[in-house]
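This report refers to the structure that appears directly beneath it.
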Amino acid sequence: MSRPIRLWPRRPLQFPRGLPLLSLLLLSACELTEVTVAPGKRVVVVHAVISRTALEQFVVVEYSQTGEALTGYSYPRIPPGNPRSPISAARVTIEHAGSSACAGRVDTLAERPPMDSRLQTSGTYVGPVCTPEPGEQILLRVETPAGEVVTGGTTVPGASRRSVTVSGRESDSGLPTVVLDRERDTLGIGVTPLTGRALQLEVRNAEDLDHLAFFGFTDTMGISLPGNLVNPFEGDDGESVFRAGRRYSLAVALTDGNYYDFLRSRSDPFTGRGFINHLTGGIGVFGSVETTLYSLEVVAPVDDPREGVYRLTGVVDTVNVDVALELYLDEVQPNQFSAFVRGGWVDGAANLSGDGSFSPAGEFSFYFGTRTADPGVMMAQFVLRGTLQPGGAPFPLELRAFLPGLRATLVDTLTARQISGPGTP
Amino acid sequence: MTQLAGPYIRAVFFLPAICLAGLRVVDAQDARVIRGRVLEERDSTAVPQVLVEVVGTRLQTLTDSSGRFVLSGAPRRDVLVTARGPAFQPDTVFLPSGRDTLTFYLPRQVVQLAPIEVRGERVESRVRFEQIAQPSVISISGEEMRGAAPVLFEPDVIRTVQLLPGTVAKNDYSIGYNVRGGESDQNLVLLDGVTVFNPSHLGGLFSTFDADAIGQTNFLTGGFPAGYSGRLSSVLDIGIRPGDANRVHGSTQVSLLSSKLLLEGPLPGRASWLGSLRRTYLDAVVSAFTDEVLPYYFTDGLAKVHVPTGEDGFVSLTGYWGRDALDFNLVDSSASRDRVDLVFNWGNAILGLASRQPLGTAYVDARAAVSDFSSTLGLLPNLARFDNGTRLWTGSVALEPHLGDRHAARFGVGVEHYTMRYGVSSPALNTTVLSARYAPTVWSAYVDEQWTPAEWLKLRPGLRVEHVPGAKFTGLSPRIAYKAFLTPDLALTGSAGRYFQPVHSIRDQELPITIYEFWIGADQYIPVARSDHLVLGIEGWFDPTLQFTVEGYRKTFANLVTPNRAQDLRRRGDEFIPATGNAWGVDALLRRHLGAVTGWVAYSFTKAKRVAEGVTYPPAHDRRHTLNVVLQAPGPLGSDLSFRWGYGSPLPYTGFLGQWDHRFYSAIEERFVDVIEEPISGPINGERYPPYSRLDLGLRWSFSKLGATWQPYLQAVNLYNRRNVFFYFFDYGAAPPTRTGVSQLPVLPTFGLEVRF
């Protein structure tokens, strides 16, 4: 019997699409009938991570889930969201036990109003806290109205030196932006701690913080990330961790031991054991971090005629627009691209990035948004559509703008022209 | 298949003609002497007491102890010669007038076959009952293993052991077993005397060793003599049989998911060889018929060369290699991107050399072996990898002097050198998460002596000393066993001893899912574990083939290790939490060795306890009652039926009292941005699953065709589809809170074909 010809790449067998034989082999276990069990035992859950760079500190105080009927929704982003079972009217204090300028001071945090209007409470206690020094020990105490007491302590980390290198070259100190050529460079992170247990490295799309490009932690105080790193579990054939034409926010956080244990441990789903808890009287974390933020711009060699810099000009709603679009094709999915947007834009100076795609006919769409100081709120969103004309010839671009406060979409036309790249003469 | 000294023609269609010729008196000038031999088809062992006769005459005789026969006065013409014996299929051969010698190769009748090697009319277990003071031992032959109980895909020594008294298998997927309250890493598995670290393939669904290659297996559940050490709870001593020294033959088996081939044959100088190869082929089937990829397969091979030396000695070399592989490509390579493959493979490799040589009136046994287990898991080649390797080099020498009829002694010395390494790293990220190495060496010496001071009493004292320099440990292990005959068929038995274990598995023994054990060795931070055994029992025989044993036992455990999840990776010495414990119980066995119906009924009562960090709890294998009924009998439609019904009382598990939201902190946004739910556990193993039971049935047919024996079989496990609980899931996020779960194997039919040629 001849083997069938394969016209597309092989994919791993995906459950439950697996063959009946495979089902027999590994998936033959059956699901048991669901039964009701008795309500569980209530435990106070506290999450607090003291950041030396934050203006305000916050502590989330909630109850565990016991199977009781609850209203409301458990927001993942806290603040401004709230937990599903917030504890209100708790007394939350942070005491400085060290010998620094804050020694002996006790800061009391106040409960912030809930974002969810269906709730009366937020369970989130915020307030300014005397900025602790590296090595200083601070103590948390939470007393609930029901009389439960949860305590914890953390030794605040601090670094004497931080370095970000690109292929071994130290990035210019003082400059917040790091430029990484994904084809040639390796990003190196290093910290020399005064006190501290581990490093947390976090890279997110600067324009869409929901998009986590990379998250890792190590207790070796240094880590290297090659620019061409691929996340093999995303997409059909992996996804580039660093995509040329994108801006990323890079956070290097030196953590204490409590937070490190909180990161690296989980309760086993079979035995329920494994999570390393350093709180007394409750479960969760009271840890601390010292964070340094960088802006990361990823570039790559350009070799496609469509890649390069385009200049966009025009008048939009009486505003003169003159921006440069620095466009790079994605290495994994060449019909996708990202681009930096720099210059004068509809709502002010722009220095950001966006994503786009090409159709088989050569039409492209490009999306980006501008933000306020609150990273979770988009101010305006813009869509550019047209057909690229390499070679420097001008071509029209349709702009659709979704501006806050406007009921209708603003539609206008800009003129674009490629000014550098393989496609220019 | 029966062979003549020369070419022959199947005689069946000649039978009527010859019979019609009638009987006639043979005078002296027409007489001849027919000589020959009767051998067992499987391994060419001689078969005594087989009736050989010339059809149509009164000429008949029995084979002697070497399987030979002589028929004097046979007529000088073409004749038919028939051989028939108990437990064998009869055979008739055409012997032309010009031939005077022939050899019969008789296949066994599977069900009525004596599954235990027979010495004269006594089974091996009976011989051991009479001659050896060793309680808590059960012998299983490869033949019995093949027919003992229906299994999912193929016979398996571990699956068979799980049906014996004193043994608990926590679930249908468990690769390990717990013996008399001990953990699964306390069981020593030996293949021709070589330690095997992880004797299973994926999920325990496939056997590690070809049952056709196994000669005899001894399973010691406690009180093992001074020659055994290194584990606290049991010894599974698997012997690979020598190959057939007379002719080349083999067998093959095709089942739903795998196939295997076994070949054996002679070598010059009475030597023999045996080789077995096996591979799953579901991945190939999937690729051939679909565009999908099933990334799992395993392959293994086993080989043995046996060379007799002199009159009474031998040298043998045994090797085994097996590999499970779960590999598939995630990202293809390109000019600017490295390839990424998800790779997960693991396997054993062993090589052992054994020699037994006479030295005057004594014997000298020498062994040297290497055993390796390795595994790799990662996103390769560079993104992330976890490597684990365990290797054992071992050598030993033992002397068995002849000290008269009332003493049988053995003096031995040995050395074991272990190397265990673990590494977790990411070359792409230029970081090493974990790098650990353990390398204990164990020096040992022992004396094991059986003394028969009176006809009714056998004593077996022993002493073992072990030295582990890296752990600054030297331990003395006294051992004593006795057998006191009340009657020739009834004896009181007992044993006591101390046992040490210098290697541990760091796998959480409370987890229901196991792929393999992760071995570490004793050093300055990790202690040598210890257990003391006391066994008292009674063994008797209702008749030469019906045996019963009842044994009570008590065991204590010290210096056990449990993983410390809060360990600081920068430090050595906090990786484990010490634990102690004990176990006591009663095991009973009723076993029929020969007859139309064979098998056994095994019952165990066990109570086990562990103490760690001031908390007392029952271990996950603390099953109070276990019952297994295993039978082989004639089945319907001319088949051989194998039957197993098993019952287990509830096993402990850790219940959950709720769940909490584990929130993830973003250093960029300086707030919590994500959440997963985590359970809040109750007391360790404070709850109990429902009881377990399962009925398995197998039917096997056998017929001869084209010079081979064909054995199609049909099997079904969990015939009444009981939903035995594997584990539970709890949801405290909804009102009311609920519990669901996953069950173990449902009703599962399988079929296959075995061919012997």
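FYI, nothing fancy with the structure tokens labels: chains A, B, ... in order, residues from 1 per chain, ligands from 1 as they appear.
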Please produce, as a tab-separated table, a per-residue contact table for chain B versus chain A (criterion: any atom at most 7 Å away, only C-alpha atoms considered), showing the nearest atom pair and its distance in Å to one decimal, sorted by chain then residue number.
```
residue	atom	partner	partner_atom	distance
B:Ala288	CA	A:Arg3	CA	5.6
B:Asp291	CA	A:Arg10	CA	6.4
B:Glu292	CA	A:Leu13	CA	5.6
B:Val293	CA	A:Pro12	CA	4.9
B:Leu294	CA	A:Leu13	CA	5.5
B:Pro295	CA	A:Pro12	CA	6.9
B:Phe328	CA	A:Pro12	CA	6.8
B:Leu330	CA	A:Pro232	CA	5.7
B:Val331	CA	A:Asp237	CA	4.9
B:Asp332	CA	A:Asp237	CA	7.0
B:Ser336	CA	A:Glu183	CA	6.4
B:Arg337	CA	A:Asn228	CA	6.2
B:Val340	CA	A:Pro232	CA	6.8
B:Ala428	CA	A:Pro226	CA	6.6
B:Leu429	CA	A:Ser224	CA	4.6
B:Asn430	CA	A:Ser224	CA	5.6
B:Thr431	CA	A:Ile223	CA	6.3
B:Leu511	CA	A:Phe270	CA	6.5
B:Arg565	CA	A:Gly274	CA	5.8
B:Ala566	CA	A:Ile276	CA	6.0
B:Thr654	CA	A:Thr271	CA	5.6
B:Phe656	CA	A:Gly272	CA	7.0
B:Leu657	CA	A:Gly40	CA	4.5
B:Gly658	CA	A:Thr66	CA	4.9
B:Gln659	CA	A:Gln65	CA	5.2
B:Trp660	CA	A:Ser64	CA	4.6
B:Ala667	CA	A:Ala251	CA	6.1
B:Ile668	CA	A:Ala251	CA	5.6
B:Arg671	CA	A:Ile78	CA	6.0
B:Phe672	CA	A:Ile78	CA	5.1
B:Val673	CA	A:Arg77	CA	4.2
B:Asp674	CA	A:Pro76	CA	4.6
B:Val675	CA	A:Pro76	CA	5.7
B:Glu678	CA	A:Ser267	CA	6.1
B:Pro679	CA	A:Gly272	CA	5.5
B:Ile680	CA	A:Gly272	CA	6.1
B:Ser681	CA	A:Gly272	CA	4.8
B:Tyr732	CA	A:Gly67	CA	4.3
B:Gly733	CA	A:Gly67	CA	5.5
B:Ala734	CA	A:Gly67	CA	5.3
B:Ala735	CA	A:Gly67	CA	4.7
B:Pro736	CA	A:Gly67	CA	5.3
B:Pro737	CA	A:Gly67	CA	4.4
B:Thr738	CA	A:Thr36	CA	4.3
B:Arg739	CA	A:Val35	CA	5.3
B:Thr740	CA	A:Glu34	CA	4.6
B:Gly741	CA	A:Leu32	CA	5.0
B:Val742	CA	A:Glu31	CA	4.6
B:Ser743	CA	A:Ala29	CA	5.2
B:Gln744	CA	A:Ala29	CA	5.2
B:Leu745	CA	A:Ala29	CA	5.4
B:Pro746	CA	A:Ala29	CA	6.2
```
Okay, now the selection with N, CA and C atoms, as a compact mmCIF listing (two decimals), in the first residue's frame?
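Wrote selection_14.txt, looks like this:
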```
# COMPACT_ATOMS: atom_id res chain seq x y z
N ALA B 288 1.16 6.16 8.33
CA ALA B 288 0.84 5.53 7.04
C ALA B 288 -0.57 5.85 6.59
N ASP B 291 -2.43 12.02 7.99
CA ASP B 291 -1.41 13.05 7.92
C ASP B 291 -1.01 13.53 9.30
N GLU B 292 -1.44 12.81 10.29
CA GLU B 292 -1.10 13.18 11.65
C GLU B 292 0.20 12.49 12.06
N VAL B 293 0.72 12.92 13.17
CA VAL B 293 1.94 12.33 13.72
C VAL B 293 1.66 11.92 15.15
N LEU B 294 1.89 10.66 15.45
CA LEU B 294 1.84 10.21 16.84
C LEU B 294 3.27 10.10 17.32
N PRO B 295 3.67 10.98 18.20
CA PRO B 295 5.10 11.08 18.46
C PRO B 295 5.66 10.08 19.46
N PHE B 328 8.60 15.23 19.09
CA PHE B 328 8.04 15.82 17.89
C PHE B 328 8.53 17.23 17.69
N LEU B 330 8.41 21.08 16.96
CA LEU B 330 7.52 22.21 17.19
C LEU B 330 7.79 23.34 16.21
N VAL B 331 9.07 23.62 15.98
CA VAL B 331 9.45 24.74 15.10
C VAL B 331 10.50 24.24 14.13
N ASP B 332 10.25 24.43 12.85
CA ASP B 332 11.26 24.06 11.86
C ASP B 332 12.37 25.09 11.85
N SER B 336 17.36 31.99 9.89
CA SER B 336 17.59 32.83 11.06
C SER B 336 16.93 32.27 12.31
N ARG B 337 16.55 31.01 12.29
CA ARG B 337 15.85 30.47 13.45
C ARG B 337 16.28 29.04 13.66
N VAL B 340 13.31 23.71 16.95
CA VAL B 340 12.92 23.39 18.32
C VAL B 340 12.10 22.11 18.30
N ALA B 428 20.23 28.34 25.50
CA ALA B 428 19.84 29.55 24.78
C ALA B 428 19.82 30.76 25.70
N LEU B 429 19.41 30.55 26.94
CA LEU B 429 19.34 31.63 27.90
C LEU B 429 20.60 31.70 28.75
N ASN B 430 21.54 30.83 28.44
CA ASN B 430 22.82 30.83 29.14
C ASN B 430 22.62 30.73 30.65
N THR B 431 21.78 29.82 31.06
CA THR B 431 21.55 29.68 32.49
C THR B 431 21.44 28.22 32.86
N LEU B 511 2.02 10.70 44.72
CA LEU B 511 1.36 11.02 43.46
C LEU B 511 0.80 9.76 42.83
N ARG B 565 9.93 20.58 49.19
CA ARG B 565 9.57 21.50 48.12
C ARG B 565 10.11 22.91 48.35
N ALA B 566 10.44 23.20 49.59
CA ALA B 566 10.94 24.54 49.90
C ALA B 566 12.46 24.59 49.90
N THR B 654 -5.39 12.79 49.56
CA THR B 654 -5.51 14.06 50.26
C THR B 654 -6.70 14.83 49.71
N PHE B 656 -9.33 18.03 49.36
CA PHE B 656 -9.17 19.47 49.28
C PHE B 656 -10.27 20.17 50.06
N LEU B 657 -9.91 21.27 50.73
CA LEU B 657 -10.85 22.01 51.56
C LEU B 657 -11.26 23.34 50.94
N GLY B 658 -10.80 23.58 49.76
CA GLY B 658 -11.13 24.84 49.11
C GLY B 658 -10.10 25.14 48.05
N GLN B 659 -10.15 26.34 47.52
CA GLN B 659 -9.17 26.76 46.54
C GLN B 659 -8.95 28.26 46.69
N TRP B 660 -7.79 28.69 46.25
CA TRP B 660 -7.48 30.12 46.34
C TRP B 660 -6.89 30.60 45.04
N ALA B 667 5.93 43.28 37.13
CA ALA B 667 6.85 44.35 37.55
C ALA B 667 6.73 45.55 36.61
N ILE B 668 6.23 45.34 35.40
CA ILE B 668 6.05 46.45 34.47
C ILE B 668 4.87 47.31 34.91
N ARG B 671 1.38 45.70 39.45
CA ARG B 671 0.12 45.24 40.01
C ARG B 671 -0.03 43.77 39.64
N PHE B 672 -1.08 43.15 40.17
CA PHE B 672 -1.35 41.75 39.83
C PHE B 672 -2.14 41.73 38.53
N VAL B 673 -1.73 40.85 37.62
CA VAL B 673 -2.30 40.89 36.28
C VAL B 673 -2.89 39.55 35.83
N ASP B 674 -2.67 38.52 36.59
CA ASP B 674 -3.19 37.23 36.16
C ASP B 674 -3.43 36.38 37.39
N VAL B 675 -4.14 35.29 37.18
CA VAL B 675 -4.50 34.46 38.34
C VAL B 675 -4.69 33.01 37.89
N GLU B 678 -5.56 27.49 42.87
CA GLU B 678 -4.77 26.44 43.51
C GLU B 678 -5.59 25.80 44.61
N PRO B 679 -5.38 24.51 44.84
CA PRO B 679 -6.16 23.85 45.89
C PRO B 679 -5.60 24.15 47.27
N ILE B 680 -6.49 24.05 48.25
CA ILE B 680 -6.09 24.07 49.65
C ILE B 680 -6.33 22.67 50.17
N SER B 681 -5.27 22.03 50.61
CA SER B 681 -5.39 20.62 50.94
C SER B 681 -5.76 20.41 52.40
N TYR B 732 -14.24 24.34 44.03
CA TYR B 732 -14.84 25.15 45.09
C TYR B 732 -15.15 26.55 44.61
N GLY B 733 -14.99 26.77 43.32
CA GLY B 733 -15.31 28.08 42.77
C GLY B 733 -16.77 28.24 42.41
N ALA B 734 -17.48 27.14 42.43
CA ALA B 734 -18.89 27.19 42.10
C ALA B 734 -19.70 26.85 43.34
N ALA B 735 -20.97 27.23 43.31
CA ALA B 735 -21.86 26.90 44.42
C ALA B 735 -22.98 25.99 43.89
N PRO B 736 -23.20 24.80 44.42
CA PRO B 736 -22.40 24.21 45.50
C PRO B 736 -21.07 23.67 44.98
N PRO B 737 -20.14 23.42 45.86
CA PRO B 737 -18.86 22.85 45.41
C PRO B 737 -19.06 21.42 44.92
N THR B 738 -18.27 21.04 43.96
CA THR B 738 -18.46 19.73 43.34
C THR B 738 -17.15 18.98 43.26
N ARG B 739 -17.31 17.69 43.01
CA ARG B 739 -16.16 16.82 42.81
C ARG B 739 -16.41 15.97 41.58
N THR B 740 -15.44 15.94 40.68
CA THR B 740 -15.46 15.02 39.56
C THR B 740 -14.16 14.23 39.62
N GLY B 741 -13.86 13.53 38.59
CA GLY B 741 -12.62 12.79 38.62
C GLY B 741 -12.43 11.99 37.36
N VAL B 742 -11.40 11.21 37.39
CA VAL B 742 -11.05 10.36 36.25
C VAL B 742 -10.97 8.92 36.76
N SER B 743 -11.51 8.03 35.99
CA SER B 743 -11.47 6.63 36.40
C SER B 743 -10.28 5.93 35.75
N GLN B 744 -10.02 4.75 36.21
CA GLN B 744 -8.95 3.92 35.67
C GLN B 744 -9.46 3.20 34.42
N LEU B 745 -8.78 2.16 34.02
CA LEU B 745 -9.11 1.51 32.76
C LEU B 745 -10.58 1.10 32.69
N PRO B 746 -11.24 1.43 31.60
CA PRO B 746 -12.59 0.92 31.40
C PRO B 746 -12.50 -0.47 30.79
```
**Item:** Surrounding residues of Phe473 of chain B excluding itself and chain neighbours under 6 positions, 10 Å, only C-alpha atoms, as number ranges by chain
**Value:** B: 442, 466-467, 502, 522-524, 527-528
Create the file for the chosen residues now, containing N, CA, C and O atoms and written as a short mmCIF file (atom, residue, chain, number, x, y, z; two decimals), in the first residue's frame.
```cif
data_model
loop_
_atom_site.label_atom_id
_atom_site.label_comp_id
_atom_site.auth_asym_id
_atom_site.auth_seq_id
_atom_site.Cartn_x
_atom_site.Cartn_y
_atom_site.Cartn_z
N VAL B 442 29.20 1.50 47.56
CA VAL B 442 28.80 0.59 48.62
C VAL B 442 29.70 -0.64 48.59
O VAL B 442 29.73 -1.36 47.59
N GLU B 466 27.84 -3.54 55.36
CA GLU B 466 27.90 -2.60 54.25
C GLU B 466 28.56 -1.31 54.69
O GLU B 466 28.29 -0.81 55.79
N HIS B 467 29.37 -0.78 53.82
CA HIS B 467 30.10 0.45 54.12
C HIS B 467 29.89 1.42 52.97
O HIS B 467 30.17 1.09 51.81
N PRO B 502 20.93 2.38 50.26
CA PRO B 502 21.74 3.59 50.07
C PRO B 502 21.27 4.49 48.94
O PRO B 502 21.88 5.52 48.68
N ALA B 522 22.98 8.09 48.79
CA ALA B 522 23.33 8.56 50.13
C ALA B 522 24.67 9.28 50.09
O ALA B 522 25.60 8.87 49.39
N ASP B 523 24.74 10.35 50.82
CA ASP B 523 26.00 11.07 50.98
C ASP B 523 25.98 11.74 52.34
O ASP B 523 25.24 11.33 53.23
N GLN B 524 26.81 12.77 52.50
CA GLN B 524 26.87 13.39 53.83
C GLN B 524 25.56 14.07 54.20
O GLN B 524 25.32 14.36 55.38
N PRO B 527 20.74 10.30 54.16
CA PRO B 527 21.09 9.11 54.95
C PRO B 527 20.87 7.81 54.18
O PRO B 527 20.21 7.78 53.14
N VAL B 528 21.42 6.76 54.75
CA VAL B 528 21.12 5.40 54.30
C VAL B 528 19.86 4.97 55.02
O VAL B 528 19.80 5.00 56.25
#
```
**Request:** Please give the complete set of residues from segment 118-280 of chain A that DSSP, run on the backbone, assigns to helix (DSSP H, G or I), formatted as an MDAnalysis selection string.
**Result:** chainID A and resid 257:264
Export C-alpha atoms of the chosen residues as a CSV table (one decimal), in the first residue's frame?
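After the write, part30.csv holds the following:
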```csv
chain,number,residue,atom,x,y,z
A,257,GLY,CA,13.2,35.2,48.9
A,258,ASN,CA,9.4,35.3,49.7
A,259,TYR,CA,8.5,36.5,46.2
A,260,TYR,CA,10.9,34.0,44.6
A,261,ASP,CA,9.3,31.1,46.5
A,262,PHE,CA,5.9,32.4,45.5
A,263,LEU,CA,7.0,32.4,41.9
A,264,ARG,CA,8.6,29.0,41.8
```
Could I get the residues of segment 238-316 of chain A with an atom no further than 6 Å from an atom of segment 147-160 of chain A, each paired with its nearest atom pair and that distance in Å to one decimal, using only C-alpha atoms, sorted by chain and residue number, as a Markdown table?
```
| residue | atom | partner | partner_atom | distance |
| --- | --- | --- | --- | --- |
| A:Thr255 | CA | A:Pro157 | CA | 6.0 |
| A:Asp256 | CA | A:Pro157 | CA | 5.6 |
| A:Leu279 | CA | A:Gly152 | CA | 4.9 |
| A:Thr280 | CA | A:Thr151 | CA | 5.3 |
| A:Gly281 | CA | A:Val150 | CA | 4.5 |
| A:Gly282 | CA | A:Val150 | CA | 5.4 |
| A:Gly287 | CA | A:Thr154 | CA | 5.5 |
| A:Ser288 | CA | A:Val156 | CA | 5.5 |
```
**Message:** Counting only C-alpha atoms, which residue out of A:Val129, A:Ala349, A:Val166, A:Leu399 sits closest to Cys102 of chain A?
**Reply:**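 With only C-alpha atoms as the atom set, the closest residue is A:Val129.
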**Request:** Please identify all polymer residues within 8 Å of Arg624 of chain B, counting only C-alpha atoms, omitting same-chain residues fewer than 6 positions from it, and present them as an NGL selection string.
**Result:** :B and (604-607 or 648-650)
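Look at Asn351 of chain A: the protein and nucleic acid residues within 10 Å of it, using only C-alpha atoms and passing over chain neighbours fewer than 3 places away, are Arg247, Val323, Ala324, Phe340, Val341, Arg342, Gly343, Gly344, Trp345, Gly348 and Thr370 of chain A.
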Write the residues of the selection above to a file with all heavy atoms, as a short mmCIF file (atom, residue, chain, number, x, y, z; two decimals), in the first residue's frame.
```
data_model
loop_
_atom_site.label_atom_id
_atom_site.label_comp_id
_atom_site.auth_asym_id
_atom_site.auth_seq_id
_atom_site.Cartn_x
_atom_site.Cartn_y
_atom_site.Cartn_z
N ARG A 247 8.04 47.73 19.84
CA ARG A 247 8.61 48.24 21.09
C ARG A 247 8.12 47.36 22.22
O ARG A 247 6.94 46.97 22.26
CB ARG A 247 8.14 49.68 21.35
CG ARG A 247 9.08 50.72 20.80
CD ARG A 247 8.79 52.10 21.32
NE ARG A 247 7.47 52.31 21.87
CZ ARG A 247 7.22 53.01 22.98
NH1 ARG A 247 8.23 53.55 23.65
NH2 ARG A 247 5.99 53.19 23.41
N VAL A 323 4.75 61.59 9.97
CA VAL A 323 5.37 60.51 10.76
C VAL A 323 6.19 59.63 9.84
O VAL A 323 5.95 59.54 8.64
CB VAL A 323 4.33 59.65 11.51
CG1 VAL A 323 3.64 60.45 12.59
CG2 VAL A 323 3.35 59.02 10.55
N ALA A 324 7.14 58.93 10.46
CA ALA A 324 7.92 57.91 9.75
C ALA A 324 7.48 56.55 10.24
O ALA A 324 7.33 56.32 11.44
CB ALA A 324 9.41 58.12 10.01
N PHE A 340 7.63 50.81 13.62
CA PHE A 340 7.71 51.92 14.56
C PHE A 340 7.03 53.13 13.92
O PHE A 340 7.13 53.36 12.71
CB PHE A 340 9.16 52.25 14.88
CG PHE A 340 9.91 51.11 15.52
CD1 PHE A 340 10.93 50.46 14.85
CD2 PHE A 340 9.60 50.70 16.80
CE1 PHE A 340 11.62 49.42 15.44
CE2 PHE A 340 10.28 49.66 17.40
CZ PHE A 340 11.30 49.01 16.72
N VAL A 341 6.37 53.88 14.75
CA VAL A 341 5.72 55.11 14.29
C VAL A 341 6.32 56.26 15.09
O VAL A 341 6.19 56.31 16.32
CB VAL A 341 4.19 55.05 14.53
CG1 VAL A 341 3.52 56.32 14.04
CG2 VAL A 341 3.60 53.82 13.84
N ARG A 342 6.96 57.18 14.38
CA ARG A 342 7.61 58.28 15.08
C ARG A 342 7.32 59.58 14.33
O ARG A 342 7.43 59.63 13.10
CB ARG A 342 9.13 58.07 15.14
CG ARG A 342 9.56 56.82 15.87
CD ARG A 342 11.07 56.79 16.08
NE ARG A 342 11.50 55.57 16.75
CZ ARG A 342 11.99 54.50 16.15
NH1 ARG A 342 12.09 54.50 14.83
NH2 ARG A 342 12.35 53.45 16.83
N GLY A 343 6.98 60.59 15.08
CA GLY A 343 6.77 61.89 14.45
C GLY A 343 5.52 62.55 14.99
O GLY A 343 4.99 62.15 16.04
N GLY A 344 5.05 63.54 14.25
CA GLY A 344 3.87 64.27 14.67
C GLY A 344 2.60 63.57 14.20
O GLY A 344 2.41 63.38 13.01
N TRP A 345 1.76 63.25 15.13
CA TRP A 345 0.56 62.47 14.77
C TRP A 345 -0.70 63.26 15.11
O TRP A 345 -0.63 64.41 15.56
CB TRP A 345 0.61 61.12 15.49
CG TRP A 345 -0.45 60.14 15.07
CD1 TRP A 345 -1.39 59.57 15.83
CD2 TRP A 345 -0.69 59.66 13.74
NE1 TRP A 345 -2.20 58.76 15.10
CE2 TRP A 345 -1.79 58.81 13.78
CE3 TRP A 345 -0.07 59.88 12.48
CZ2 TRP A 345 -2.30 58.14 12.68
CZ3 TRP A 345 -0.57 59.22 11.37
CH2 TRP A 345 -1.69 58.36 11.46
N GLY A 348 -0.78 64.20 18.77
CA GLY A 348 0.45 64.65 19.39
C GLY A 348 1.65 63.86 18.88
O GLY A 348 1.57 63.10 17.91
N THR A 370 -2.70 54.96 20.67
CA THR A 370 -1.95 55.84 21.56
C THR A 370 -2.56 55.74 22.95
O THR A 370 -3.77 55.52 23.11
CB THR A 370 -1.99 57.30 21.06
OG1 THR A 370 -3.35 57.69 20.88
CG2 THR A 370 -1.25 57.41 19.75
#
```
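If you count only C-alpha atoms and ignore residues fewer than 4 places along the chain from Pro334 of chain A, what sits within 10 Å of it is A:Asp304, A:Tyr328, A:Leu329, A:Asp330, A:Ser357, A:Phe358.
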**Message:** Report, in Å with one decimal, the straight-line distance from atom CA of Ala368 of chain B to atom CA of Glu416 of chain B.
**Reply:**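 About the pair atom CA of Ala368 of chain B and atom CA of Glu416 of chain B: they are 9.9 Å apart.
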**Request:** Tell me, as a VMD selection string, which residues lie within 12 Å of Gly239 of chain B, counting only C-alpha atoms; anything in the same chain fewer than 6 positions away does not count.
**Result:** chain B and resid 139 to 142 157 189 to 194 209 to 219 304 316 318 354
For Val70 of chain B, find every residue with an atom within 7 Å (counting only C-alpha atoms), except residues of its own chain fewer than 6 positions away, and show them as a short mmCIF file (atom, residue, chain, number, x, y, z; two decimals) with C-alpha atoms, in the first residue's frame.
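Output file result18.cif follows:
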```cif
data_model
loop_
_atom_site.label_atom_id
_atom_site.label_comp_id
_atom_site.auth_asym_id
_atom_site.auth_seq_id
_atom_site.Cartn_x
_atom_site.Cartn_y
_atom_site.Cartn_z
CA VAL B 33 15.92 -51.00 16.52
CA ILE B 34 14.38 -47.57 16.50
CA ARG B 35 16.13 -45.07 18.69
CA GLY B 36 15.21 -41.53 19.39
#
```
**Message:** When DSSP is applied to the backbone of this structure, which of segment 130-291 of chain A are assigned strand (DSSP E)? Write them out as a VMD selection string.
**Reply:** chain A and resid 137 to 143 149 to 155 158 to 166 169 to 170 177 to 181 186 to 195 198 to 205 208 to 218 222 to 226 230 to 231 239 to 240 247 to 255 283 to 291
**Request:** Go through B:Glu687, B:Glu53, B:Glu183, B:Glu613 and flag the residue nearest Lys170 of chain B, using only C-alpha atoms for the distances.
**Result:**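 Among B:Glu687, B:Glu53, B:Glu183, B:Glu613, it is B:Glu183 that comes nearest to Lys170 of chain B.
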